[in-house]
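Engineer: Structure incoming, see below.
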Amino acid sequence: MSSSLTGLSFTGLLLCITVFFPMVSAIVGYLIGRKNKSMRNYFADAVTGLEFVLFFILLLQIILKGGHIDMEIPQICGLGLHFMLDGFRALYGTIAAFMWFMSTLFSEEYLAHYRNRNRYYLFLLITLGATEGVFLSADFYTTFIFFEIMSFTSYVWVAQDEKKEALRAAGTYLAVAVIGGLVMLMGIFLLYNLTGTLMFEELSGLSENLIYNGNLSSEKAEKRLWAAGVCMLFGFGAKAGAFPLHIWLPKAHPVAPAPASALLSGILTKAGMFGILILTGYVFSGDSVWGSLILILGVCTMFLGALLALFSIDLKRTLACSSVSQIGFILVGVGLSGLLSGENALAVRGSLLHMVNHSCIKLALFMAAGVVYMNIHKLNLNEIRGFGRNKPLFHYIFLMGALGIGGVPLWNGYVSKTLIHESIIEYMKFLNTGSVNGIFSLGIMKVIEWIFLISGGLTVAYMTKLYIAVFVEKNTDEKVQEKYDSLKGSYMNKVSGAALTISATLLPVMGFLPSLVMEPIADLGQGILQPMGESPKMAWFSASNLKGAAISLVTGAVIYLVIVRLWLMKAEGEGKAKVYVNRWNQYLDLEDLIYRPILLSALPFVFGIICRALDSLVDGIVVLLRKTVYKDSKLPHELEEGTPITHMLGCFVNSLQRMGNATIWRKKPKNVDYEHKYAMINEEWSEERTIIGRSLSFGLLLFCVGLIITVIYVLFRMK
């Protein structure tokens, strides 16, 4: 089914509403907020709730009827906007709307003492519409437009506090977004120049066509395609938080309001992943080299993010670094889907389900972190130690998220991590070990498998670190602990409690019933990566599948007991109480070590020298030409000074002087150059006229003269 604005179907109209309704409502909500803040909050809740209902209706239609719906708004900047609704888009549009609804409900209590709340809600709703526009886009042009709107409007979330740290983190976020967007745009230009289209469906299998199609088989075309793909990967990877463009995540999340952090981590990173999925499933479908590139990026992102999270002693920063790591897990699955090509169903389903799981898990965990911050306005583990004691509901919410992200069996994270792990094993089976290259590739994949399992262990370790600090250990200050204990029953209101409880309860439900919940979700959304081969029936809790989870859990326990308790903690104070310490070398911060020096110092210095050299070169060429080829020549009748009148008058008087010297003044001849004298007199008169002409009094004098003449003329006419 397809539609345009000239012939809208009901579903096509709903697609337009889901994108533009939140944006229009943002302006209405802002105007309401200037009069009544409570009404503004209720209005925002209603808008996000209605958005969720609309997407749920669209999801049900796709589930019941299948197929896909196309929608076009023509003549927008020439190419028009193209939307599509299929299984993946309906699924992730619904997840995004649900997360926005829960976050908006929690925002009312969390932001109660914040300034500029009207601004926050304005950009919250605009970003919702832009994000849904990204997920519903059917071509790279539409994706880019809404992607950039989303980036600029979400910048306000990071800068919401307007403190020094918030503004610096917001600057980093915006710089990464702008640079990534510009590089992505260059890739879009290259792709459009090469293919003449940006529609996803028309780009399907493009890399294969370049190889096997006669008109696109040149090496130059293939290189251009890769240049376009790498540029676009740069832009999408920057938003997803992939290494080495992950630098904004650990900086932005700790300073942004917790409801915004949940959306930044859970949804906006998935908007970046959406672009990578399109590139992998459509443009580079079946390309093993592309799959290897994504796999390498995934392994680096997965391990580095987990390592950073282990060292962090800030609650939200730990969760932010964890997001980097989980994006790495997803990229590993996406890379394997490209490598396995003909039998990639496991990798495709694992990648998709881990995207869904990470979104749901981070919604619960970041809102739980928000509960801590809105009560004590602190995030350092040593300061929030013991906050969660004697708070059963809060304990349940955080524990569900921790077990889910740790990949513990019977929770949702276990399902997706098991699928990705099984896809690694499956790829190793396909490798030809009869050759040197095959043995080498198998060795590399063995290393990647162990990095995968160790990264899972690091996840268990840092989540255990957070859980023990907040819920098991007591605060080193007894008075502070008494204060935390006194908050029992009053640390969040019923609306916030309901939002967090619903978000957390989804996680075990998805994990306890993988065949009833997770497999249908995978069936619905896997089409975006165009899986090949049959989806195998999984024995989710078989010994072989539980083995991988057990290795990660045991590894995590060892890392926690040996590294965290013995090295990342030290005894301080009179009582020698152990405190958490951050032993990560601050000089290893990529932003301060590489990016800022390059962008703010090295590049301006280098390009400054180049520009100065080019400027001097141009000046030198001009001077050389003026002195050689274009050398000035004196005009034959050009006067050195004065005017023709002073010249003629001076020549006449000079001739009279010569006659006088020959006759009358023979004894005392005169030697005055009257031509020069009259030229100087003319120059003086000219300067005086200029001075008088520029003076205010002269202007007023002329004005008065003109006025007198005008009055005389009027009087004369009246007669």
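Ordering of the structure tokens sets the chain letters (A, B, ...), residue numbers begin anew at 1 in every chain, and ligands are numbered from 1 in the order given.
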Using only C-alpha atoms, which residues sit within 12 Å of Ala46 in chain A once same-chain residues fewer than 5 positions away are excluded, as a list in words?
Structural biologist: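 Here the qualifying residues turn out to be Phe21, Pro22, Ser25, Ala26, Gly29, Met39, Arg40, Asn41, Glu51, Phe52, Val53, Ala97, Trp100, Phe101, Met102, Thr104, Leu105 and Leu125 of chain A.
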Engineer: Export, as an mmCIF file, in the first residue's frame, the selected residues with N, CA, C and O atoms.
Structural biologist:
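And here's again37.cif as it stands now:
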data_model
loop_
_atom_site.group_PDB
_atom_site.id
_atom_site.type_symbol
_atom_site.label_atom_id
_atom_site.label_comp_id
_atom_site.auth_asym_id
_atom_site.auth_seq_id
_atom_site.Cartn_x
_atom_site.Cartn_y
_atom_site.Cartn_z
ATOM 1 N N PHE A 21 2.532 15.483 14.825
ATOM 2 C CA PHE A 21 1.677 15.815 15.970
ATOM 3 C C PHE A 21 2.481 16.208 17.211
ATOM 4 O O PHE A 21 2.188 17.232 17.845
ATOM 5 N N PRO A 22 3.527 15.461 17.610
ATOM 6 C CA PRO A 22 4.305 15.893 18.781
ATOM 7 C C PRO A 22 4.998 17.239 18.576
ATOM 8 O O PRO A 22 5.124 18.021 19.525
ATOM 9 N N SER A 25 2.391 19.912 18.922
ATOM 10 C CA SER A 25 1.982 19.923 20.333
ATOM 11 C C SER A 25 3.039 20.570 21.215
ATOM 12 O O SER A 25 2.708 21.142 22.261
ATOM 13 N N ALA A 26 4.303 20.479 20.821
ATOM 14 C CA ALA A 26 5.374 21.094 21.608
ATOM 15 C C ALA A 26 5.163 22.601 21.720
ATOM 16 O O ALA A 26 5.343 23.193 22.796
ATOM 17 N N GLY A 29 2.107 23.210 23.936
ATOM 18 C CA GLY A 29 2.483 22.968 25.331
ATOM 19 C C GLY A 29 3.320 24.097 25.902
ATOM 20 O O GLY A 29 3.182 24.466 27.079
ATOM 21 N N MET A 39 -0.864 22.349 34.027
ATOM 22 C CA MET A 39 -1.587 21.978 32.817
ATOM 23 C C MET A 39 -0.615 21.574 31.711
ATOM 24 O O MET A 39 -0.889 20.665 30.930
ATOM 25 N N ARG A 40 0.532 22.242 31.654
ATOM 26 C CA ARG A 40 1.543 21.874 30.670
ATOM 27 C C ARG A 40 2.035 20.447 30.892
ATOM 28 O O ARG A 40 2.208 19.677 29.945
ATOM 29 N N ASN A 41 2.261 20.076 32.152
ATOM 30 C CA ASN A 41 2.717 18.715 32.456
ATOM 31 C C ASN A 41 1.674 17.679 32.037
ATOM 32 O O ASN A 41 2.012 16.655 31.437
ATOM 33 N N GLU A 51 0.513 9.442 21.553
ATOM 34 C CA GLU A 51 1.487 8.966 20.574
ATOM 35 C C GLU A 51 1.717 7.457 20.720
ATOM 36 O O GLU A 51 1.809 6.726 19.717
ATOM 37 N N PHE A 52 1.798 6.992 21.952
ATOM 38 C CA PHE A 52 1.969 5.559 22.197
ATOM 39 C C PHE A 52 0.757 4.776 21.692
ATOM 40 O O PHE A 52 0.905 3.718 21.062
ATOM 41 N N VAL A 53 -0.442 5.295 21.944
ATOM 42 C CA VAL A 53 -1.662 4.615 21.487
ATOM 43 C C VAL A 53 -1.698 4.546 19.960
ATOM 44 O O VAL A 53 -2.033 3.505 19.373
ATOM 45 N N ALA A 97 7.792 5.467 21.504
ATOM 46 C CA ALA A 97 6.639 6.165 22.085
ATOM 47 C C ALA A 97 6.407 5.725 23.528
ATOM 48 O O ALA A 97 6.091 6.558 24.398
ATOM 49 N N TRP A 100 9.068 7.341 25.728
ATOM 50 C CA TRP A 100 8.790 8.772 25.911
ATOM 51 C C TRP A 100 7.651 8.977 26.912
ATOM 52 O O TRP A 100 7.702 9.890 27.734
ATOM 53 N N PHE A 101 6.638 8.120 26.827
ATOM 54 C CA PHE A 101 5.500 8.227 27.746
ATOM 55 C C PHE A 101 5.953 8.002 29.182
ATOM 56 O O PHE A 101 5.633 8.791 30.091
ATOM 57 N N MET A 102 6.723 6.953 29.428
ATOM 58 C CA MET A 102 7.207 6.671 30.778
ATOM 59 C C MET A 102 8.134 7.784 31.287
ATOM 60 O O MET A 102 8.041 8.220 32.442
ATOM 61 N N THR A 104 8.193 10.914 30.339
ATOM 62 C CA THR A 104 7.428 12.146 30.574
ATOM 63 C C THR A 104 6.672 12.073 31.892
ATOM 64 O O THR A 104 6.598 13.067 32.639
ATOM 65 N N LEU A 105 6.112 10.912 32.201
ATOM 66 C CA LEU A 105 5.448 10.744 33.498
ATOM 67 C C LEU A 105 6.425 10.968 34.653
ATOM 68 O O LEU A 105 6.099 11.622 35.649
ATOM 69 N N LEU A 125 9.177 17.156 23.260
ATOM 70 C CA LEU A 125 8.165 16.744 22.293
ATOM 71 C C LEU A 125 8.654 16.902 20.850
ATOM 72 O O LEU A 125 8.333 16.073 19.990
#
Engineer: Would you mind writing down, as a ChimeraX atom specification, each residue of range 443-554 of chain A that DSSP on the backbone assigns to helix (DSSP H, G or I)?
Structural biologist: /A:443-472,478-486,494-512,514-529,543-554
Engineer: I need the residues in range 53-202 of chain A that are strand (DSSP E or B) according to DSSP; give them as a ChimeraX atom specification.
Structural biologist: /A:69-73,81-85,137,139,199
Engineer: Do you know which residues are at most 12 Å from Gly281 in chain A counting only C-alpha atoms, after dropping those on the same chain fewer than 2 positions away, and could you put them as an mmCIF file with C-alpha atoms, in the first residue's frame?
Structural biologist:
data_model
loop_
_atom_site.group_PDB
_atom_site.id
_atom_site.type_symbol
_atom_site.label_atom_id
_atom_site.label_comp_id
_atom_site.auth_asym_id
_atom_site.auth_seq_id
_atom_site.Cartn_x
_atom_site.Cartn_y
_atom_site.Cartn_z
ATOM 1 C CA PHE A 200 16.196 2.084 0.719
ATOM 2 C CA GLU A 201 14.251 -0.419 -1.359
ATOM 3 C CA LEU A 203 19.379 0.416 -2.982
ATOM 4 C CA SER A 204 18.815 -3.184 -1.911
ATOM 5 C CA GLY A 205 21.724 -5.405 -2.956
ATOM 6 C CA LEU A 206 23.660 -2.451 -4.364
ATOM 7 C CA SER A 207 27.110 -3.848 -3.537
ATOM 8 C CA MET A 273 21.924 1.996 14.853
ATOM 9 C CA PHE A 274 18.938 2.268 12.477
ATOM 10 C CA GLY A 275 21.200 3.879 9.871
ATOM 11 C CA ILE A 276 23.864 1.193 10.346
ATOM 12 C CA LEU A 277 21.207 -1.516 9.948
ATOM 13 C CA ILE A 278 20.035 0.056 6.674
ATOM 14 C CA LEU A 279 23.597 0.247 5.334
ATOM 15 C CA VAL A 283 23.476 -1.191 0.607
ATOM 16 C CA PHE A 284 26.150 -3.720 1.687
ATOM 17 C CA SER A 285 23.982 -6.809 1.958
ATOM 18 C CA GLY A 286 26.133 -9.939 1.903
ATOM 19 C CA ASP A 287 29.417 -7.966 1.770
ATOM 20 C CA TRP A 290 31.681 -4.588 5.369
ATOM 21 C CA GLY A 291 30.644 -7.215 7.917
ATOM 22 C CA VAL A 334 25.248 -6.821 12.910
ATOM 23 C CA GLY A 335 28.785 -7.542 11.692
ATOM 24 C CA LEU A 336 28.199 -11.290 11.931
ATOM 25 C CA SER A 337 24.968 -10.932 9.949
ATOM 26 C CA GLY A 338 27.107 -9.586 7.100
ATOM 27 C CA LEU A 339 29.742 -12.296 7.446
ATOM 28 C CA SER A 341 25.276 -13.811 4.638
ATOM 29 C CA ASN A 344 22.597 -15.172 9.221
ATOM 30 C CA VAL A 348 20.044 -10.840 12.728
ATOM 31 C CA GLN A 526 14.102 -8.862 11.536
ATOM 32 C CA GLY A 527 13.199 -7.831 7.985
ATOM 33 C CA ILE A 528 15.321 -4.676 8.167
ATOM 34 C CA LEU A 529 18.489 -6.811 7.960
ATOM 35 C CA GLN A 530 16.960 -9.097 5.316
ATOM 36 C CA PRO A 531 17.837 -12.404 7.029
ATOM 37 C CA MET A 532 18.722 -15.435 4.951
#
Engineer: Which residues of range 514-612 of chain A come within 9 Å of range 370-393 of chain A, and what is each one's closest atom pair and distance in Å (one decimal), counting only C-alpha atoms, sorted by chain and residue number, as CSV?
Structural biologist:
residue,atom,partner,partner_atom,distance
A:Val579,CA,A:Asn382,CA,6.2
A:Tyr580,CA,A:Asn382,CA,6.3
A:Val581,CA,A:Asn382,CA,8.9
Engineer: Export, as an mmCIF file, in the first residue's frame, the selected residues with all heavy atoms.
Structural biologist:
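Wrote out34.cif, looks like this:
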data_model
loop_
_atom_site.group_PDB
_atom_site.id
_atom_site.type_symbol
_atom_site.label_atom_id
_atom_site.label_comp_id
_atom_site.auth_asym_id
_atom_site.auth_seq_id
_atom_site.Cartn_x
_atom_site.Cartn_y
_atom_site.Cartn_z
ATOM 1 N N VAL A 579 36.580 2.834 50.490
ATOM 2 C CA VAL A 579 35.856 3.727 49.590
ATOM 3 C C VAL A 579 36.226 3.368 48.157
ATOM 4 O O VAL A 579 37.278 2.778 47.889
ATOM 5 C CB VAL A 579 36.197 5.210 49.866
ATOM 6 C CG1 VAL A 579 35.761 5.618 51.254
ATOM 7 C CG2 VAL A 579 37.680 5.480 49.657
ATOM 8 N N TYR A 580 35.337 3.727 47.247
ATOM 9 C CA TYR A 580 35.570 3.460 45.830
ATOM 10 C C TYR A 580 36.484 4.535 45.253
ATOM 11 O O TYR A 580 36.316 5.726 45.528
ATOM 12 C CB TYR A 580 34.243 3.444 45.063
ATOM 13 C CG TYR A 580 33.347 2.301 45.462
ATOM 14 C CD1 TYR A 580 32.365 2.475 46.442
ATOM 15 C CD2 TYR A 580 33.480 1.051 44.871
ATOM 16 C CE1 TYR A 580 31.534 1.425 46.812
ATOM 17 C CE2 TYR A 580 32.661 -0.005 45.237
ATOM 18 C CZ TYR A 580 31.692 0.193 46.212
ATOM 19 O OH TYR A 580 30.883 -0.855 46.591
ATOM 20 N N VAL A 581 37.447 4.116 44.444
ATOM 21 C CA VAL A 581 38.373 5.053 43.810
ATOM 22 C C VAL A 581 38.385 4.804 42.304
ATOM 23 O O VAL A 581 38.219 3.673 41.845
ATOM 24 C CB VAL A 581 39.808 4.912 44.371
ATOM 25 C CG1 VAL A 581 39.865 5.365 45.812
ATOM 26 C CG2 VAL A 581 40.319 3.481 44.228
#
Engineer: Rank nothing, just name the residue among A:Met184, A:Val705, A:Glu422, A:Gly642 nearest to Met680 in chain A, using only C-alpha atoms.
Structural biologist: A:Gly642
Engineer: Between A:Ile17, A:Ile361, A:Gly49, A:Phe106, which has the minimum distance to Lys494 in chain A (counting only C-alpha atoms)?
Structural biologist: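 Nearest candidate to Lys494 in chain A out of A:Ile17, A:Ile361, A:Gly49, A:Phe106: A:Phe106.
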Engineer: So what do you get for CA of Ser323 in chain A versus CA of Gly443 in chain A, distance-wise?
Structural biologist: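 Interatomic distance here is 28.2 Å.
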